[in-house]
Amino acid sequence: MGKYKAIIYDIDGTLLDTLKMNMYPLMKIIKEETGEDWTFEQVLKFAAYPGMKVMEELGVKDQEKTYARWVQYVNDYEDGATLFEEFEEVLETFKNKKIKQAIVSSKLREQYEIDIVSKGIDQYMEAVILQDDTTFHKPHPEPLLKCIEKLNLKPEEVIYIGDAQSDYEASKNAHIDFGLAKWGSVATQEIPATLVFKQPKDLLRLLKK
């Protein structure tokens with residue numbers, strides 16, 4: 001077995017492909033609020049932003065209300081969030097090899113129920129830290145440290161898999177290794193990482209390390 005006893009995942013852009021379900025409704029919001037037609041490529045830059053920051057950047061009038069409407073559109077989006085291809089196999093393999101798996105995400109619990117629990121992915125996780133579990137959020141290390149504590153492991157025994165700059169910073173602040181999920185990352189700048197994975201299946205390399 002490799003050096004890691006646990007793998008911690010981010011959700012959006014790492015476990016789940018949530019890009020379309022978030023971006024298409026955002027294009028609709030922009031059209032409604034500003035009358036402008038933005039392309040999918042243009043809204044991509046907002047993919048890694050927290051929701052309210054997007055509203056701020058767009059300078060919409062009633063930010064809270066508009067944000068709530070966006071969330072509503074996202075929930076109504078037909079295709080919803082889908083697990084990235086081959087991830088089921090990856091989760092299953094780690095489970096069989098007795099590698100602990102966990103989630104650290106800034107998602108709200110009800111969204112977690114919709115996106116993760118309903119897909120049966122929850123059964124693989126030994127610890128789940130969501131937005132309402134900590135005072136501070138990524139890039140602050142608190143969520144990751146709380147997760148490690150729950151798993152009863154040391155920082156050097158885990159790796160955090162994420163797709164955004166804030167995931168990397170949170171890992172660095174918690175002194176744990178960071179694996180970049182290239183398959184879901186929409187970051188324009190290069191994100192530093194201990195290891196880079198092109199597709200979910202590449203995570204299985206961790207078993208050989």
# chains A, B, ... in the order shown; residues from 1 in each chain; ligands from 1
call {"tool": "residues_around", "arguments": {"residues": "Ile176 of chain A", "least_positions_apart": "6", "cutoff": "8 Å", "atoms": "only C-alpha atoms", "output": "PDB file with all heavy atoms, in the first residue's frame"}}
result
ATOM      1  N   PRO A 155      -1.798  14.491   9.587  1.00  0.00           N
ATOM      2  CA  PRO A 155      -1.784  15.197   8.297  1.00  0.00           C
ATOM      3  C   PRO A 155      -0.997  14.461   7.208  1.00  0.00           C
ATOM      4  O   PRO A 155      -1.398  14.428   6.054  1.00  0.00           O
ATOM      5  CB  PRO A 155      -1.135  16.536   8.634  1.00  0.00           C
ATOM      6  CG  PRO A 155      -1.471  16.760  10.064  1.00  0.00           C
ATOM      7  CD  PRO A 155      -1.478  15.408  10.703  1.00  0.00           C
ATOM      8  N   GLU A 156       0.127  13.855   7.583  1.00  0.00           N
ATOM      9  CA  GLU A 156       0.954  13.207   6.543  1.00  0.00           C
ATOM     10  C   GLU A 156       0.366  11.883   6.046  1.00  0.00           C
ATOM     11  O   GLU A 156       0.872  11.300   5.087  1.00  0.00           O
ATOM     12  CB  GLU A 156       2.398  13.017   7.029  1.00  0.00           C
ATOM     13  CG  GLU A 156       2.559  12.119   8.242  1.00  0.00           C
ATOM     14  CD  GLU A 156       2.426  12.880   9.570  1.00  0.00           C
ATOM     15  OE1 GLU A 156       1.920  14.030   9.579  1.00  0.00           O
ATOM     16  OE2 GLU A 156       2.835  12.299  10.598  1.00  0.00           O
ATOM     17  N   VAL A 158      -2.790  11.590   4.937  1.00  0.00           N
ATOM     18  CA  VAL A 158      -3.924  11.817   4.034  1.00  0.00           C
ATOM     19  C   VAL A 158      -3.537  12.699   2.843  1.00  0.00           C
ATOM     20  O   VAL A 158      -2.529  13.401   2.887  1.00  0.00           O
ATOM     21  CB  VAL A 158      -5.117  12.487   4.770  1.00  0.00           C
ATOM     22  CG1 VAL A 158      -5.505  11.711   6.014  1.00  0.00           C
ATOM     23  CG2 VAL A 158      -4.800  13.926   5.120  1.00  0.00           C
ATOM     24  N   ILE A 159      -4.364  12.653   1.818  1.00  0.00           N
ATOM     25  CA  ILE A 159      -4.195  13.545   0.673  1.00  0.00           C
ATOM     26  C   ILE A 159      -5.579  14.109   0.342  1.00  0.00           C
ATOM     27  O   ILE A 159      -6.593  13.410   0.472  1.00  0.00           O
ATOM     28  CB  ILE A 159      -3.583  12.819  -0.548  1.00  0.00           C
ATOM     29  CG1 ILE A 159      -3.352  13.817  -1.704  1.00  0.00           C
ATOM     30  CG2 ILE A 159      -4.433  11.621  -0.994  1.00  0.00           C
ATOM     31  CD1 ILE A 159      -2.465  13.259  -2.827  1.00  0.00           C
ATOM     32  N   TYR A 160      -5.605  15.396   0.000  1.00  0.00           N
ATOM     33  CA  TYR A 160      -6.871  16.044  -0.356  1.00  0.00           C
ATOM     34  C   TYR A 160      -6.925  16.194  -1.871  1.00  0.00           C
ATOM     35  O   TYR A 160      -5.993  16.717  -2.484  1.00  0.00           O
ATOM     36  CB  TYR A 160      -6.966  17.423   0.315  1.00  0.00           C
ATOM     37  CG  TYR A 160      -8.298  18.128   0.123  1.00  0.00           C
ATOM     38  CD1 TYR A 160      -9.504  17.432   0.235  1.00  0.00           C
ATOM     39  CD2 TYR A 160      -8.354  19.498  -0.149  1.00  0.00           C
ATOM     40  CE1 TYR A 160     -10.723  18.083   0.075  1.00  0.00           C
ATOM     41  CE2 TYR A 160      -9.573  20.157  -0.302  1.00  0.00           C
ATOM     42  CZ  TYR A 160     -10.758  19.438  -0.190  1.00  0.00           C
ATOM     43  OH  TYR A 160     -11.969  20.076  -0.345  1.00  0.00           O
TER      44      TYR A 160
END
call {"tool": "closest_atom_pairs", "arguments": {"of": "segment 75-103 of chain A", "to": "segment 24-38 of chain A", "cutoff": "12 Å", "atoms": "only C-alpha atoms", "output": "JSON lines"}}
result
{"residue": "A:Asn75", "atom": "CA", "partner": "A:Pro25", "partner_atom": "CA", "distance": 9.4}
{"residue": "A:Asp76", "atom": "CA", "partner": "A:Pro25", "partner_atom": "CA", "distance": 9.1}
{"residue": "A:Tyr77", "atom": "CA", "partner": "A:Pro25", "partner_atom": "CA", "distance": 7.6}
{"residue": "A:Glu78", "atom": "CA", "partner": "A:Pro25", "partner_atom": "CA", "distance": 10.9}
{"residue": "A:Asp79", "atom": "CA", "partner": "A:Tyr24", "partner_atom": "CA", "distance": 11.2}
{"residue": "A:Gly80", "atom": "CA", "partner": "A:Tyr24", "partner_atom": "CA", "distance": 11.2}
call {"tool": "write_last_selection", "arguments": {"atoms": "N, CA and C atoms", "output": "CSV table (one decimal), in the first residue's frame"}}
result
chain,number,residue,atom,x,y,z
A,75,ASN,N,-31.3,23.8,-9.1
A,75,ASN,CA,-32.0,22.6,-8.6
A,75,ASN,C,-33.0,22.1,-9.6
A,76,ASP,N,-33.5,23.0,-10.5
A,76,ASP,CA,-34.5,22.5,-11.5
A,76,ASP,C,-33.8,22.0,-12.7
A,77,TYR,N,-32.5,22.2,-12.8
A,77,TYR,CA,-31.8,21.8,-14.0
A,77,TYR,C,-31.9,20.3,-14.2
A,78,GLU,N,-32.4,19.9,-15.4
A,78,GLU,CA,-32.7,18.5,-15.7
A,78,GLU,C,-31.6,17.5,-15.3
A,79,ASP,N,-30.4,17.7,-15.9
A,79,ASP,CA,-29.4,16.7,-15.8
A,79,ASP,C,-28.8,16.6,-14.4
A,80,GLY,N,-28.9,17.7,-13.6
A,80,GLY,CA,-28.3,17.6,-12.3
A,80,GLY,C,-26.9,17.3,-12.3
call {"tool": "select_by_dssp", "arguments": {"residues": "segment 84-157 of chain A", "states": "strand (DSSP E or B)", "output": "list in words"}}
result
Lys100, Gln101, Ala102, Ile103, Val104, Ala127, Val128 and Ile129 of chain A
call {"tool": "write_last_selection", "arguments": {"atoms": "C-alpha atoms", "output": "PDB file, in the first residue's frame"}}
result
ATOM      1  CA  LYS A 100     -10.489   5.466   4.284  1.00  0.00           C
ATOM      2  CA  GLN A 101     -12.403   7.979   2.178  1.00  0.00           C
ATOM      3  CA  ALA A 102     -13.912  11.276   3.236  1.00  0.00           C
ATOM      4  CA  ILE A 103     -15.385  14.516   1.936  1.00  0.00           C
ATOM      5  CA  VAL A 104     -14.552  18.128   2.761  1.00  0.00           C
ATOM      6  CA  ALA A 127     -16.163  11.349   7.466  1.00  0.00           C
ATOM      7  CA  VAL A 128     -17.983  14.250   5.855  1.00  0.00           C
ATOM      8  CA  ILE A 129     -17.309  17.887   6.688  1.00  0.00           C
TER       9      ILE A 129
END
call {"tool": "atom_distance", "arguments": {"atom1": "atom CA of Phe94 of chain A", "atom2": "atom CA of Trp183 of chain A"}}
result
19.2 Å
call {"tool": "select_by_dssp", "arguments": {"residues": "segment 167-208 of chain A", "states": "alpha helix (DSSP H)", "output": "list of chain:residue names"}}
result
A:Asp167, A:Tyr168, A:Glu169, A:Ala170, A:Ser171, A:Lys172, A:Asn173, A:Ala174
call {"tool": "residues_around", "arguments": {"residues": "segment 190-207 of chain A", "least_positions_apart": "2", "cutoff": "6 Å", "atoms": "only C-alpha atoms", "output": "list in words"}}
result
Met1, Gly2, Phe87, Gln165, Asp177, Phe178, Gly179, Leu180, Ala181, Lys182, Trp183 and Lys209 of chain A
call {"tool": "atom_distance", "arguments": {"atom1": "atom CA of Val43 of chain A", "atom2": "atom CA of Asp12 of chain A"}}
result
16.1 Å
